[in-house]
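protein_24.pdb (PDB, C-alpha atoms, pLDDT in the B column) appears below.
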```
MODEL        1
ATOM      1  CA  MET A 199      88.721 121.295  84.813  1.00 42.00           C
ATOM      2  CA  VAL A 200      91.671 120.553  82.496  1.00 43.00           C
ATOM      3  CA  ASP A 201      94.746 119.046  84.145  1.00 58.00           C
ATOM      4  CA  ASP A 202      97.959 120.012  82.371  1.00 59.00           C
ATOM      5  CA  SER A 203     100.303 118.582  85.019  1.00 75.00           C
ATOM      6  CA  GLY A 204     100.679 115.230  83.235  1.00 88.00           C
ATOM      7  CA  VAL A 205      99.473 113.373  86.318  1.00 94.00           C
ATOM      8  CA  ALA A 206      97.297 110.347  85.602  1.00 95.00           C
ATOM      9  CA  PRO A 207      96.844 106.857  87.012  1.00 97.00           C
ATOM     10  CA  GLY A 208      99.955 104.844  86.261  1.00 96.00           C
ATOM     11  CA  MET A 209     102.334 107.815  86.277  1.00 97.00           C
ATOM     12  CA  LEU A 210     105.109 108.406  88.784  1.00 97.00           C
ATOM     13  CA  LEU A 211     105.731 111.406  90.972  1.00 98.00           C
ATOM     14  CA  VAL A 212     109.446 111.604  91.681  1.00 97.00           C
ATOM     15  CA  ALA A 213     110.405 113.862  94.561  1.00 97.00           C
ATOM     16  CA  ALA A 214     112.633 116.709  93.414  1.00 96.00           C
ATOM     17  CA  PRO A 215     115.967 116.866  95.284  1.00 94.00           C
ATOM     18  CA  GLY A 216     114.785 120.003  97.095  1.00 91.00           C
ATOM     19  CA  LEU A 217     111.696 118.321  98.579  1.00 93.00           C
ATOM     20  CA  LEU A 218     112.772 117.850 102.186  1.00 91.00           C
ATOM     21  CA  ASP A 219     109.475 116.763 103.780  1.00 93.00           C
ATOM     22  CA  PRO A 220     110.512 113.557 105.612  1.00 93.00           C
ATOM     23  CA  ASN A 221     107.369 111.776 104.377  1.00 93.00           C
ATOM     24  CA  PHE A 222     108.401 112.273 100.756  1.00 96.00           C
ATOM     25  CA  ARG A 223     112.127 113.009 100.595  1.00 95.00           C
ATOM     26  CA  ARG A 224     113.592 111.057  97.636  1.00 95.00           C
ATOM     27  CA  THR A 225     110.427 109.071  97.128  1.00 97.00           C
ATOM     28  CA  VAL A 226     108.813 107.652  94.023  1.00 97.00           C
ATOM     29  CA  VAL A 227     105.005 107.676  94.176  1.00 98.00           C
ATOM     30  CA  TYR A 228     102.913 105.501  91.863  1.00 98.00           C
ATOM     31  CA  MET A 229      99.651 107.298  91.081  1.00 98.00           C
ATOM     32  CA  ILE A 230      96.547 105.137  91.467  1.00 98.00           C
ATOM     33  CA  GLU A 231      93.872 107.791  91.123  1.00 96.00           C
ATOM     34  CA  HIS A 232      93.806 111.399  89.921  1.00 95.00           C
ATOM     35  CA  ARG A 233      90.516 113.306  89.770  1.00 93.00           C
ATOM     36  CA  ASP A 234      89.212 116.819  90.251  1.00 89.00           C
ATOM     37  CA  GLN A 235      88.334 115.894  93.863  1.00 91.00           C
ATOM     38  CA  GLY A 236      91.870 114.739  94.702  1.00 93.00           C
ATOM     39  CA  SER A 237      94.637 112.275  94.039  1.00 96.00           C
ATOM     40  CA  LEU A 238      95.928 109.064  95.596  1.00 97.00           C
ATOM     41  CA  GLY A 239      99.172 107.157  95.187  1.00 98.00           C
ATOM     42  CA  VAL A 240     101.600 104.937  97.053  1.00 98.00           C
ATOM     43  CA  VAL A 241     105.287 105.403  97.815  1.00 97.00           C
ATOM     44  CA  LEU A 242     107.132 102.585  96.033  1.00 97.00           C
ATOM     45  CA  ASN A 243     110.550 102.879  97.626  1.00 95.00           C
ATOM     46  CA  ARG A 244     110.006 102.748 101.388  1.00 95.00           C
ATOM     47  CA  PRO A 245     110.100  99.096 102.497  1.00 94.00           C
ATOM     48  CA  SER A 246     109.306  98.581 106.170  1.00 95.00           C
ATOM     49  CA  GLU A 247     110.690  96.041 108.608  1.00 95.00           C
ATOM     50  CA  THR A 248     107.365  94.159 108.494  1.00 96.00           C
ATOM     51  CA  SER A 249     107.113  91.178 106.184  1.00 96.00           C
ATOM     52  CA  VAL A 250     104.012  90.348 104.171  1.00 97.00           C
ATOM     53  CA  GLN A 251     104.220  86.903 105.791  1.00 97.00           C
ATOM     54  CA  ASP A 252     103.626  88.504 109.209  1.00 97.00           C
ATOM     55  CA  VAL A 253     100.476  90.415 108.230  1.00 96.00           C
ATOM     56  CA  LEU A 254      98.899  88.555 105.281  1.00 96.00           C
ATOM     57  CA  PRO A 255     100.536  85.111 105.107  1.00 96.00           C
ATOM     58  CA  ALA A 256      98.263  83.840 102.328  1.00 96.00           C
ATOM     59  CA  TRP A 257      99.576  86.594 100.012  1.00 97.00           C
ATOM     60  CA  ALA A 258     103.259  86.208 100.958  1.00 96.00           C
ATOM     61  CA  PRO A 259     104.122  83.651  98.223  1.00 96.00           C
ATOM     62  CA  LEU A 260     103.032  86.182  95.570  1.00 96.00           C
ATOM     63  CA  ALA A 261     104.855  89.151  97.101  1.00 95.00           C
ATOM     64  CA  SER A 262     107.839  90.543  95.210  1.00 94.00           C
ATOM     65  CA  GLU A 263     111.234  90.473  96.899  1.00 90.00           C
ATOM     66  CA  PRO A 264     112.157  91.433  99.533  1.00 89.00           C
ATOM     67  CA  GLY A 265     108.658  90.474 100.675  1.00 93.00           C
ATOM     68  CA  ALA A 266     108.327  93.503 102.940  1.00 95.00           C
ATOM     69  CA  VAL A 267     105.280  95.691 103.410  1.00 96.00           C
ATOM     70  CA  CYS A 268     106.069  99.147 102.014  1.00 96.00           C
ATOM     71  CA  VAL A 269     105.185 102.379 103.777  1.00 96.00           C
ATOM     72  CA  GLY A 270     102.772 103.664 101.137  1.00 97.00           C
ATOM     73  CA  GLY A 271     102.429 107.113 102.653  1.00 97.00           C
ATOM     74  CA  PRO A 272     101.417 109.058 105.724  1.00 97.00           C
ATOM     75  CA  VAL A 273      97.639 108.825 105.200  1.00 97.00           C
ATOM     76  CA  GLU A 274      95.785 106.036 107.046  1.00 97.00           C
ATOM     77  CA  PRO A 275      98.866 103.899 107.810  1.00 95.00           C
ATOM     78  CA  GLU A 276      96.623 101.094 109.085  1.00 95.00           C
ATOM     79  CA  THR A 277      95.021 100.749 105.626  1.00 95.00           C
ATOM     80  CA  ALA A 278      96.467  98.096 103.316  1.00 96.00           C
ATOM     81  CA  LEU A 279      96.629  98.561  99.549  1.00 97.00           C
ATOM     82  CA  CYS A 280      98.084  96.067  97.131  1.00 98.00           C
ATOM     83  CA  LEU A 281      99.354  96.607  93.593  1.00 98.00           C
ATOM     84  CA  ALA A 282     100.216  93.817  91.175  1.00 97.00           C
ATOM     85  CA  ALA A 283     101.691  93.544  87.709  1.00 96.00           C
ATOM     86  CA  LEU A 284     100.030  90.967  85.501  1.00 96.00           C
ATOM     87  CA  ARG A 285     101.749  88.535  83.189  1.00 95.00           C
ATOM     88  CA  THR A 286     101.766  89.253  79.463  1.00 94.00           C
ATOM     89  CA  GLY A 287      98.385  88.570  77.890  1.00 93.00           C
ATOM     90  CA  GLN A 288      96.388  89.034  81.098  1.00 93.00           C
ATOM     91  CA  ASP A 289      93.737  91.771  81.110  1.00 92.00           C
ATOM     92  CA  PRO A 290      93.026  93.200  84.587  1.00 93.00           C
ATOM     93  CA  ASP A 291      89.525  94.197  83.478  1.00 92.00           C
ATOM     94  CA  THR A 292      88.631  90.528  83.007  1.00 91.00           C
ATOM     95  CA  VAL A 293      90.175  89.106  86.190  1.00 90.00           C
ATOM     96  CA  GLU A 294      88.010  88.904  89.290  1.00 91.00           C
ATOM     97  CA  GLY A 295      89.668  90.469  92.313  1.00 93.00           C
ATOM     98  CA  LEU A 296      91.564  93.107  90.319  1.00 96.00           C
ATOM     99  CA  THR A 297      90.840  96.729  89.508  1.00 96.00           C
ATOM    100  CA  ALA A 298      92.827  98.058  86.558  1.00 96.00           C
ATOM    101  CA  VAL A 299      95.025 101.100  87.157  1.00 97.00           C
ATOM    102  CA  ARG A 300      97.000 101.328  83.912  1.00 96.00           C
ATOM    103  CA  GLY A 301      98.293  98.706  81.509  1.00 95.00           C
ATOM    104  CA  PRO A 302      99.230  95.517  83.353  1.00 96.00           C
ATOM    105  CA  VAL A 303      99.164  97.171  86.800  1.00 97.00           C
ATOM    106  CA  ALA A 304      96.100  96.659  88.988  1.00 97.00           C
ATOM    107  CA  LEU A 305      94.858  97.032  92.536  1.00 97.00           C
ATOM    108  CA  VAL A 306      94.316  93.681  94.251  1.00 97.00           C
ATOM    109  CA  ASP A 307      91.314  92.871  96.436  1.00 97.00           C
ATOM    110  CA  LEU A 308      93.027  91.433  99.508  1.00 96.00           C
ATOM    111  CA  ASP A 309      89.770  89.786 100.592  1.00 95.00           C
ATOM    112  CA  GLY A 310      89.993  87.523  97.546  1.00 93.00           C
ATOM    113  CA  ASP A 311      91.726  84.185  97.091  1.00 93.00           C
ATOM    114  CA  PRO A 312      95.424  84.600  96.243  1.00 95.00           C
ATOM    115  CA  ARG A 313      95.518  81.125  94.663  1.00 93.00           C
ATOM    116  CA  ALA A 314      93.065  82.301  91.982  1.00 92.00           C
ATOM    117  CA  LEU A 315      95.540  85.024  90.941  1.00 94.00           C
ATOM    118  CA  ALA A 316      98.844  83.194  91.349  1.00 93.00           C
ATOM    119  CA  ASP A 317      99.268  82.150  87.698  1.00 94.00           C
ATOM    120  CA  ARG A 318      98.185  85.549  86.384  1.00 95.00           C
ATOM    121  CA  LEU A 319     100.601  87.802  88.303  1.00 95.00           C
ATOM    122  CA  ARG A 320     104.271  88.645  87.785  1.00 94.00           C
ATOM    123  CA  GLY A 321     104.399  89.940  91.330  1.00 94.00           C
ATOM    124  CA  LEU A 322     102.714  92.163  93.851  1.00 96.00           C
ATOM    125  CA  ARG A 323     103.566  94.658  96.520  1.00 97.00           C
ATOM    126  CA  LEU A 324     101.642  95.430  99.704  1.00 97.00           C
ATOM    127  CA  PHE A 325     101.484  98.982 101.096  1.00 97.00           C
ATOM    128  CA  ALA A 326     100.545 100.286 104.539  1.00 97.00           C
ATOM    129  CA  GLY A 327      98.975 103.703 104.071  1.00 98.00           C
ATOM    130  CA  TYR A 328      98.993 105.949 101.042  1.00 98.00           C
ATOM    131  CA  ALA A 329      99.768 109.453  99.833  1.00 97.00           C
ATOM    132  CA  GLY A 330      96.777 111.686  99.205  1.00 97.00           C
ATOM    133  CA  TRP A 331      96.183 115.192  97.921  1.00 96.00           C
ATOM    134  CA  ASP A 332      93.080 117.377  98.001  1.00 93.00           C
ATOM    135  CA  ALA A 333      91.751 119.021  94.863  1.00 83.00           C
ATOM    136  CA  ARG A 334      94.402 121.296  93.299  1.00 89.00           C
ATOM    137  CA  GLN A 335      96.910 120.578  96.108  1.00 94.00           C
ATOM    138  CA  LEU A 336      99.031 118.300  93.941  1.00 95.00           C
ATOM    139  CA  ALA A 337      98.982 120.752  91.024  1.00 92.00           C
ATOM    140  CA  GLY A 338     100.303 123.414  93.402  1.00 94.00           C
ATOM    141  CA  GLU A 339     103.138 121.158  94.584  1.00 95.00           C
ATOM    142  CA  ILE A 340     104.078 120.283  90.998  1.00 95.00           C
ATOM    143  CA  GLY A 341     103.956 123.968  90.042  1.00 93.00           C
ATOM    144  CA  ARG A 342     106.287 124.765  92.956  1.00 95.00           C
ATOM    145  CA  GLY A 343     108.775 122.178  91.636  1.00 95.00           C
ATOM    146  CA  ASP A 344     108.335 119.588  94.404  1.00 96.00           C
ATOM    147  CA  TRP A 345     107.532 116.722  92.008  1.00 97.00           C
ATOM    148  CA  ILE A 346     108.693 115.525  88.610  1.00 97.00           C
ATOM    149  CA  VAL A 347     105.964 113.658  86.704  1.00 97.00           C
ATOM    150  CA  VAL A 348     107.265 110.759  84.589  1.00 97.00           C
ATOM    151  CA  PRO A 349     105.891 107.555  83.079  1.00 96.00           C
ATOM    152  CA  ALA A 350     105.978 104.390  85.189  1.00 96.00           C
ATOM    153  CA  LEU A 351     107.093 100.956  84.106  1.00 94.00           C
ATOM    154  CA  PRO A 352     105.289  97.890  85.507  1.00 92.00           C
ATOM    155  CA  ASP A 353     108.621  96.768  86.970  1.00 93.00           C
ATOM    156  CA  ASP A 354     108.695  99.906  89.136  1.00 95.00           C
ATOM    157  CA  VAL A 355     105.788  98.434  91.074  1.00 94.00           C
ATOM    158  CA  VAL A 356     107.040  94.881  91.543  1.00 92.00           C
ATOM    159  CA  ARG A 357     110.800  94.710  91.022  1.00 85.00           C
ATOM    160  CA  THR A 358     112.317  97.497  93.114  1.00 71.00           C
ATOM    161  CA  SER A 359     111.271  98.776  96.498  1.00 72.00           C
ATOM    162  CA  GLY A 360     114.412 100.282  97.994  1.00 77.00           C
ATOM    163  CA  PRO A 361     115.982 103.731  97.967  1.00 80.00           C
ATOM    164  CA  GLU A 362     117.858 103.069  94.698  1.00 91.00           C
ATOM    165  CA  LEU A 363     114.573 103.354  92.765  1.00 94.00           C
ATOM    166  CA  TRP A 364     114.639 107.174  93.032  1.00 95.00           C
ATOM    167  CA  ALA A 365     117.943 107.496  91.145  1.00 94.00           C
ATOM    168  CA  ARG A 366     117.078 104.701  88.708  1.00 95.00           C
ATOM    169  CA  VAL A 367     113.824 106.389  87.624  1.00 96.00           C
ATOM    170  CA  LEU A 368     115.558 109.762  87.228  1.00 96.00           C
ATOM    171  CA  ARG A 369     118.455 108.285  85.202  1.00 95.00           C
ATOM    172  CA  ARG A 370     116.154 106.729  82.624  1.00 94.00           C
ATOM    173  CA  GLN A 371     114.522 110.110  81.838  1.00 94.00           C
ATOM    174  CA  GLY A 372     117.445 111.459  79.859  1.00 90.00           C
ATOM    175  CA  VAL A 373     119.221 114.785  80.234  1.00 92.00           C
ATOM    176  CA  PRO A 374     118.589 117.173  81.954  1.00 92.00           C
ATOM    177  CA  ILE A 375     116.336 115.259  84.402  1.00 90.00           C
ATOM    178  CA  ALA A 376     118.783 112.327  84.566  1.00 90.00           C
ATOM    179  CA  LEU A 377     121.406 114.616  86.085  1.00 92.00           C
ATOM    180  CA  LEU A 378     119.246 114.973  89.214  1.00 92.00           C
ATOM    181  CA  ALA A 379     120.069 111.340  90.067  1.00 89.00           C
ATOM    182  CA  THR A 380     123.569 112.510  91.005  1.00 87.00           C
ATOM    183  CA  TYR A 381     122.280 115.193  93.381  1.00 85.00           C
ATOM    184  CA  PRO A 382     123.886 114.557  96.802  1.00 78.00           C
ATOM    185  CA  SER A 383     121.560 113.686  99.651  1.00 74.00           C
ATOM    186  CA  ASP A 384     123.294 116.394 101.720  1.00 65.00           C
ATOM    187  CA  VAL A 385     124.701 119.242  99.612  1.00 62.00           C
ATOM    188  CA  LYS A 386     126.845 120.419 102.542  1.00 63.00           C
ATOM    189  CA  LEU A 387     128.893 117.223 102.171  1.00 60.00           C
ATOM    190  CA  ASN A 388     129.454 117.779  98.461  1.00 54.00           C
TER     191      ASN A 388
ENDMDL
END
```
Final structure tokens representation of the file:
Amino acid sequence: MVDDSGVAPGMLLVAAPGLLDPNFRRTVVYMIEHRDQGSLGVVLNRPSETSVQDVLPAWAPLASEPGAVCVGGPVEPETALCLAALRTGQDPDTVEGLTAVRGPVALVDLDGDPRALADRLRGLRLFAGYAGWDARQLAGEIGRGDWIVVPALPDDVVRTSGPELWARVLRRQGVPIALLATYPSDVKLN
């Protein structure tokens, strides 16, 4: 099956302003896996009130600010996933405890030793839960206009986790997509 949606590991799904599902309204999803059987990603811009220090203290010194666990999505919220961005010159395929996603971004094995990775990482972010789609479900949502597929930057994963990421990612796309960043959160108040 040929996928012409542009979705691939390391891409972003940016919620269109009209997507009102409370699980995904104004979210930015980093895609980890995209196959014929389904897709998996994590919401980057939903920090929780829980700190990494409270749940995985050994990993807390490597966690990017603000050091909060992010709500990665509505699927299996008790499951922890961790994404990291590696320093320049580091290859995730050659580092034990990492699984390459795209470029310098990799999944981290949380059962490993964080000290072994400390000098290799620019930062990491921990997620509770994930976003998942069955085969062809995501293509249908993209076709309906729910998602805008754009390239990710490694900094999207480790430098920004708050609500401002949605507008920032849209603005860097250029016109006409950049104009969506100014879309009011409630059009009735416009």
Quick one: residues within 9 Å of Gly236 (chain A), only C-alpha atoms counted, chain neighbours fewer than 6 positions away excluded, as a PyMOL selection string? chain A and resi 330-336
Mind giving me the straight-line distance from CA of Val241 (chain A) to CA of Met229 (chain A) in Å, one decimal? 9.0 Å
Resolved residues for the PyMOL selection byres ((chain A and resi 320) around 8) as JSON, numbers by chain: {"A": [282, 283, 284, 285, 318, 319, 321, 322, 356]}
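When all atoms listed in the file are used to compute distances to Ala258 (chain A), the closest of the residues A:Glu362, A:Leu296, A:Pro312, A:Gly341 turns out to be A:Pro312.
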Reference answer for the PyMOL selection byres ((chain A and resi 275) around 10), as an NGL selection string: :A and (269-274 or 276-278 or 325-329)
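Applied to this file, the PyMOL selection byres ((chain A and resi 233) around 10) selects Met199, Asp201, Val205, Ala206, Pro207, Glu231, His232, Asp234, Gln235, Gly236, Ser237, Leu238, Asp332, Ala333 and Arg334 of chain A.
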Spatial neighbours of Arg357 (chain A), max dist 12 Å, all atoms listed in the file, sep filter under 2 positions, as a PyMOL selection string: chain A and resi 242-243+261-265+281-283+320-323+351-355+359-360+362-363
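Each of A:Asp309, A:Pro245, A:Ala298, A:Pro259 was checked against Ile230 (chain A) using all atoms listed in the file; the smallest atom-to-atom distance is that of A:Ala298.
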What does the structure give for the distance between CA of Met209 (chain A) and CA of Gln288 (chain A), in Å to one decimal? 20.4 Å
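The nearest approach to Leu279 (chain A) among the residues A:Val293, A:Val348, A:Val306, A:Val227, with all atoms listed in the file taken into account, belongs to A:Val306.
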